[in-house]
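Below you'll find the structure, written out as structure tokens, and then a few comments.
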Amino acid sequence: MTIEAHLATLEKKHGVLEEELHEALNSPSCEDELISELKRRKLRIKDEIERLRSSAH
């Protein structure tokens with residue numbers, strides 16, 4: 001897998017997590033633990049994206 005393809009996959013996952021987080025934040029029955037986990041996963045992916053972008057340049 002090329003770096004560009006890997007970046008595209010990570011960006012897609014980041015977008016899906018963004019949607020899940022948005023839904024969770026708008027759901028009154030959603031637990032804070034789930035919201036925290038989604039934020040952590042999203043941040044890990046964002047960090048990986050940034051790391052790959054900086055190593056590609």
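If you're wondering about the labels, chains in the structure tokens are A, B, ... by order shown, residues count from 1 in each chain, ligands from 1 in order shown.
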
Fill in: Selection near Val16 (chain A), 12 Å with only C-alpha atoms, sequence-local residues under 3 positions removed, as a count of residues only
15

Worksheet item: Can you tell me, as a list in words, what residues are no more than 10 Å from Leu43 (chain A) when counting only C-alpha atoms, ignoring any on the same chain fewer than 5 positions away?
Response: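 Everything that qualifies: His14, Leu17, Glu37, Leu38, Glu48 and Ile49 of chain A.
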
Please dump the current selection as an mmCIF file, in the first residue's frame; keep C-alpha atoms.
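The new file selection23.cif reads:
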```cif
data_model
loop_
_atom_site.group_PDB
_atom_site.id
_atom_site.type_symbol
_atom_site.label_atom_id
_atom_site.label_comp_id
_atom_site.auth_asym_id
_atom_site.auth_seq_id
_atom_site.Cartn_x
_atom_site.Cartn_y
_atom_site.Cartn_z
ATOM 1 C CA HIS A 14 -11.242 9.815 10.589
ATOM 2 C CA LEU A 17 -15.269 8.618 13.535
ATOM 3 C CA GLU A 37 -13.111 6.522 23.332
ATOM 4 C CA LEU A 38 -14.249 7.983 20.012
ATOM 5 C CA GLU A 48 -0.927 8.981 12.298
ATOM 6 C CA ILE A 49 -2.073 11.106 9.337
#
```

Practice prompt. Enter the distance from CA of Ser54 (chain A) to CA of Gly15 (chain A), in Å, rounded to one decimal.
Written response: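 CA of Gly15 (chain A) lies at a distance of 20.3 Å from CA of Ser54 (chain A).
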
Item to complete: Give me, please, the distance in Å between CA of His6 (chain A) and CA of Ile35 (chain A), quoted to one decimal.
Response: 25.5 Å

Practice prompt. Mind listing the alpha helix (DSSP H) residues of chain A, per DSSP on the backbone, as a PyMOL selection string?
Written response: chain A and resi 3-25+32-56

Take the residues from that selection and put them in a file with C-alpha atoms, as a compact mmCIF listing (two decimals), in the first residue's frame.
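Dumped everything to again.txt:
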```
# COMPACT_ATOMS: atom_id res chain seq x y z
CA ILE A 3 1.56 6.23 1.53
CA GLU A 4 -1.13 8.08 -0.43
CA ALA A 5 -3.49 5.11 -0.27
CA HIS A 6 -2.81 4.65 3.43
CA LEU A 7 -3.48 8.36 4.02
CA ALA A 8 -6.75 8.12 2.10
CA THR A 9 -7.83 5.15 4.21
CA LEU A 10 -6.94 6.93 7.44
CA GLU A 11 -8.75 10.09 6.35
CA LYS A 12 -11.85 8.03 5.56
CA LYS A 13 -11.69 6.38 9.01
CA HIS A 14 -11.24 9.81 10.59
CA GLY A 15 -14.36 11.05 8.80
CA VAL A 16 -16.39 8.06 9.94
CA LEU A 17 -15.27 8.62 13.54
CA GLU A 18 -16.19 12.30 13.21
CA GLU A 19 -19.71 11.29 12.19
CA GLU A 20 -19.97 8.74 15.02
CA LEU A 21 -18.76 11.34 17.51
CA HIS A 22 -21.24 13.90 16.24
CA GLU A 23 -24.09 11.39 16.61
CA ALA A 24 -22.91 10.39 20.09
CA LEU A 25 -22.70 14.00 21.23
CA ASP A 32 -19.29 9.78 28.36
CA GLU A 33 -16.99 6.76 28.16
CA LEU A 34 -18.02 6.10 24.55
CA ILE A 35 -17.50 9.75 23.63
CA SER A 36 -14.03 9.71 25.20
CA GLU A 37 -13.11 6.52 23.33
CA LEU A 38 -14.25 7.98 20.01
CA LYS A 39 -12.21 11.13 20.66
CA ARG A 40 -9.11 9.06 21.53
CA ARG A 41 -9.45 6.91 18.40
CA LYS A 42 -9.97 10.02 16.25
CA LEU A 43 -6.90 11.70 17.75
CA ARG A 44 -4.75 8.60 17.19
CA ILE A 45 -5.76 8.54 13.53
CA LYS A 46 -5.13 12.28 13.18
CA ASP A 47 -1.66 11.85 14.70
CA GLU A 48 -0.93 8.98 12.30
CA ILE A 49 -2.07 11.11 9.34
CA GLU A 50 0.19 13.97 10.40
CA ARG A 51 3.12 11.60 10.94
CA LEU A 52 2.71 10.10 7.47
CA ARG A 53 2.35 13.51 5.84
CA SER A 54 5.51 14.81 7.51
CA SER A 55 7.51 11.72 6.54
CA ALA A 56 6.31 11.96 2.93
```
